[in-house]
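Asks: Following this message is one structure expressed as structure tokens.
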Amino acid sequence: GIYEFTMGATGDVVKARYTYTYVYDNNQWKIAHHHSSIMPESITTVAASITEEEVRGLFQLWNGALDTLDSSAVADRYAKNGVLLPTVSDIPRTDYDSIKDYFDSFVQMKPQGKILESNVMIGTNWCQDAGIYEFTMGATGDVVKARYSFVYVLEDGLWKIAHHHSSVMPEKQMAAAKGETEAAAPAMTDGEVRDLFGLWNDALATLDPDQVAARYSKSPCLLPTVSDTPRTDYGSIKSYFVDFLQKKPQGVILESYVTKGDNWCMDDGIYEFTMGATGDKVKARYSFVYVLEDGKWQIAHHHSSQMPEEIVPKAMLEEAAVLA
């Protein structure tokens, strides 16, 4: 049948379907089987409605927190398991204290930001805003551009930042690193940028982790699909692929969005892998940033993540299982 729970701790009222099978055991009726599940029609209504403009408006909540110059107010904008990859620190910040610690210093510059370019994606109780923002530092008057990615999740009824990646503009960074303005490589077409994926995929086909790791630049960052650990050097990248290649993966790009600059290019989208060892097929989102290094296009940044709409419903079901 159907039962309803009132949660005394919160006042929430929750309906669910139930099945009990009782058996007579040692002169007592005992529960032999208990199956409890959320109301299936309610699943489609769990998702919070949000428009693209409202997603962009979430930035203003974070920007407003910066304006308070209170690092605690900024850190409060992040989810319980939020990840911050900040612009001017090499250290990933993965909890409240470390995020607050970063903003202790940053807010002293009195930064105020505005979005220059924005690309929004909306899913079930998550959304993403990625693009370019610009900060005016009130303490110095400096104006700084950076690339950003915000992934927001609905947590306790509030939109919180689950992932925030901020990075300096790569063309300026590469020129500064070399102490000169390097001549731009011949212009690449969108198709040629997409073909760079084929070089990496061919390296996977060799099943040699050294060949895969060799596709990455001297100062790489790999955020892999099935590991929480950022891989930032040859050895750690090779270590990841030692395990991954045992599945004999081969990938194809399903959707691709290309951006190009002087001596760098970016390919973002969705790819699908067929695991030769098992026949399993797995979709994931990807971001590749390529740089021209010693005359070769190498992977400077590779971010691969599970499809979020596949993850969120599973999380909802796990949470609902607590009612059982």
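Chains: A, B, ... in order of the structure tokens. Residues: from 1 per chain. Ligands: from 1, in order shown.
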As a VMD selection string, please: all residues of segment 73-221 of chain A that backbone DSSP puts in strand (DSSP E).
Replies: chain A and resid 78 to 85 111 to 122 126 to 137 143 to 155 158 to 168 216 to 221
Asks: Set the distance at 8 Å and use only C-alpha atoms: which residues neighbour Leu66 of chain A once local chain neighbours fewer than 3 positions away are removed? I'd like the list as a list in words.
Replies: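 So the residues in contact are Trp62, Asn63, Leu69, Asp70, Ser71, Ala73, Val74, Val107, Lys110, Pro111 and Gln112 of chain A.
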Asks: With distances taken over only C-alpha atoms, which residue among A:Pro230, A:Pro249, A:Gly1, A:Gly8 lies nearest His35 of chain A?
Replies: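 Distance minimum relative to His35 of chain A lands on A:Gly1.
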Asks: Ranking A:Ile50, A:Val144, A:Leu222, A:Leu245 by minimum distance to Thr274 of chain A and counting only C-alpha atoms, which one comes first?
Replies: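 The answer is A:Leu245, which sits nearest to Thr274 of chain A.
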Asks: Val13 of chain A: which residues within 12 Å, counting only C-alpha atoms, same-chain residues fewer than 5 positions away excluded, as a list in words?
Replies: Tyr3, Glu4, Phe5, Thr6, Met7, Gly8 and Leu323 of chain A
Asks: Take the residues from that selection and put them in a file with all heavy atoms, as a short mmCIF file (atom, residue, chain, number, x, y, z; two decimals), in the first residue's frame.
Replies:
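Done, and the output landed in part23.cif:
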data_model
loop_
_atom_site.label_atom_id
_atom_site.label_comp_id
_atom_site.auth_asym_id
_atom_site.auth_seq_id
_atom_site.Cartn_x
_atom_site.Cartn_y
_atom_site.Cartn_z
N TYR A 3 2.07 4.58 2.52
CA TYR A 3 2.09 5.17 3.85
C TYR A 3 2.72 6.56 3.77
O TYR A 3 3.28 6.96 2.75
CB TYR A 3 2.79 4.31 4.89
CG TYR A 3 4.13 3.68 4.60
CD1 TYR A 3 4.99 4.13 3.60
CD2 TYR A 3 4.59 2.62 5.41
CE1 TYR A 3 6.22 3.54 3.40
CE2 TYR A 3 5.81 2.02 5.21
CZ TYR A 3 6.64 2.48 4.21
OH TYR A 3 7.86 1.90 4.01
N GLU A 4 2.58 7.31 4.88
CA GLU A 4 3.07 8.68 4.91
C GLU A 4 3.80 8.89 6.23
O GLU A 4 3.34 8.45 7.28
CB GLU A 4 1.91 9.66 4.79
CG GLU A 4 2.31 11.12 4.79
CD GLU A 4 1.09 12.03 4.62
OE1 GLU A 4 0.42 12.31 5.65
OE2 GLU A 4 0.80 12.43 3.48
N PHE A 5 4.97 9.54 6.15
CA PHE A 5 5.76 9.83 7.34
C PHE A 5 5.82 11.34 7.58
O PHE A 5 5.99 12.12 6.65
CB PHE A 5 7.20 9.31 7.18
CG PHE A 5 7.30 7.81 7.20
CD1 PHE A 5 7.20 7.09 6.02
CD2 PHE A 5 7.47 7.13 8.39
CE1 PHE A 5 7.29 5.71 6.03
CE2 PHE A 5 7.56 5.75 8.41
CZ PHE A 5 7.47 5.04 7.23
N THR A 6 5.68 11.72 8.84
CA THR A 6 5.96 13.08 9.27
C THR A 6 7.27 13.06 10.03
O THR A 6 7.42 12.31 11.01
CB THR A 6 4.84 13.63 10.16
OG1 THR A 6 3.61 13.64 9.43
CG2 THR A 6 5.17 15.05 10.61
N MET A 7 8.26 13.83 9.55
CA MET A 7 9.58 13.86 10.16
C MET A 7 9.58 14.91 11.27
O MET A 7 9.55 16.11 11.00
CB MET A 7 10.65 14.19 9.11
CG MET A 7 10.61 13.27 7.89
SD MET A 7 10.86 11.53 8.35
CE MET A 7 10.66 10.74 6.74
N GLY A 8 9.60 14.41 12.51
CA GLY A 8 9.52 15.33 13.65
C GLY A 8 10.67 16.32 13.69
O GLY A 8 10.52 17.44 14.18
N LEU A 323 14.16 6.21 4.18
CA LEU A 323 12.83 6.11 4.77
C LEU A 323 12.46 4.69 5.13
O LEU A 323 11.58 4.45 5.95
CB LEU A 323 11.79 6.66 3.78
CG LEU A 323 11.91 8.14 3.41
CD1 LEU A 323 10.87 8.50 2.37
CD2 LEU A 323 11.77 9.00 4.64
#
Asks: If you run DSSP on the backbone here, which positions in segment 34-128 of chain A get helix (DSSP H, G or I)? Please write them as a PyMOL selection string.
Replies: chain A and resi 40-43+52-67+71-75+96-109
Asks: In Å, rounded to a single decimal, give me how far atom CA of Gln250 of chain A is from atom CA of Lys283 of chain A.
Replies: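 Value for the atom CA of Lys283 of chain A-atom CA of Gln250 of chain A distance: 11.6 Å.
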Asks: Quick one: everything within 10 Å of Tyr152 of chain A, counting only C-alpha atoms, minus sequence neighbours fewer than 6 positions away in the same chain. Send it as a PyMOL selection string.
Replies: chain A and resi 55+58+77-79+82+122+125-129+158-164
Asks: State, in Å with one decimal place, the distance from atom CA of Ser149 of chain A to atom CA of Gly131 of chain A.
Replies: 6.6 Å
Asks: For Lys218 of chain A, which residue out of A:Thr140, A:Gln108, A:Gln298, A:Ser256 is the nearest one, using only C-alpha atoms?
Replies: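 Closest to Lys218 of chain A, using only C-alpha atoms: A:Gln298.
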Asks: Considering only C-alpha atoms, state which residue in the set A:His34, A:Arg147, A:Lys248, A:Arg194 is at the smallest distance from Gly276 of chain A.
Replies: A:Lys248
Asks: Would you work out the distance separating atom CA of His303 of chain A from atom CA of Met109 of chain A, expressed in Å to one decimal?
Replies: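 If I compute the distance from atom CA of His303 of chain A to atom CA of Met109 of chain A, I get 29.7 Å.
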Asks: Might you pull out every residue within 9 Å of Val289 of chain A, with only C-alpha atoms counted and same-chain residues fewer than 6 positions away left off, and present them as an MDAnalysis selection string?
Replies: chainID A and resid 264:268 298:302
Asks: In terms of the shortest atom-to-atom distance over only C-alpha atoms, which of A:Ile115, A:Glu53, A:Asp104, A:Tyr96 is closest to Thr68 of chain A?
Replies: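 Looking at the shortest contact to Thr68 of chain A, the residue is A:Asp104.
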Asks: Skipping near chain neighbours, those fewer than 5 positions away, what residues fall within 9 Å of Arg215 of chain A using only C-alpha atoms, listed as a ChimeraX atom specification?
Replies: /A:199-200,203,210,297-299
Asks: Using N, CA, C and O atoms, can you write the selected residues to a file as an mmCIF file, in the first residue's frame?
Replies:
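What follows is the written file out-v4.cif:
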data_model
loop_
_atom_site.group_PDB
_atom_site.id
_atom_site.type_symbol
_atom_site.label_atom_id
_atom_site.label_comp_id
_atom_site.auth_asym_id
_atom_site.auth_seq_id
_atom_site.Cartn_x
_atom_site.Cartn_y
_atom_site.Cartn_z
ATOM 1 N N LEU A 199 44.201 11.328 -31.816
ATOM 2 C CA LEU A 199 45.567 10.982 -31.399
ATOM 3 C C LEU A 199 45.560 10.373 -29.998
ATOM 4 O O LEU A 199 46.258 9.391 -29.720
ATOM 5 N N TRP A 200 44.761 10.971 -29.118
ATOM 6 C CA TRP A 200 44.646 10.439 -27.754
ATOM 7 C C TRP A 200 43.954 9.070 -27.764
ATOM 8 O O TRP A 200 44.384 8.130 -27.083
ATOM 9 N N ALA A 203 46.229 6.409 -28.862
ATOM 10 C CA ALA A 203 47.143 6.028 -27.784
ATOM 11 C C ALA A 203 46.459 5.052 -26.828
ATOM 12 O O ALA A 203 47.087 4.094 -26.344
ATOM 13 N N ASP A 210 52.149 4.626 -21.023
ATOM 14 C CA ASP A 210 53.169 5.634 -21.336
ATOM 15 C C ASP A 210 52.795 6.422 -22.583
ATOM 16 O O ASP A 210 53.002 7.644 -22.647
ATOM 17 N N TRP A 297 50.820 19.557 -30.622
ATOM 18 C CA TRP A 297 49.620 19.846 -29.842
ATOM 19 C C TRP A 297 49.513 18.826 -28.719
ATOM 20 O O TRP A 297 49.405 17.628 -28.963
ATOM 21 N N GLN A 298 49.538 19.312 -27.492
ATOM 22 C CA GLN A 298 49.490 18.458 -26.306
ATOM 23 C C GLN A 298 48.297 18.849 -25.439
ATOM 24 O O GLN A 298 47.810 19.984 -25.495
ATOM 25 N N ILE A 299 47.850 17.923 -24.598
ATOM 26 C CA ILE A 299 46.689 18.149 -23.730
ATOM 27 C C ILE A 299 47.168 18.837 -22.453
ATOM 28 O O ILE A 299 47.875 18.245 -21.639
#
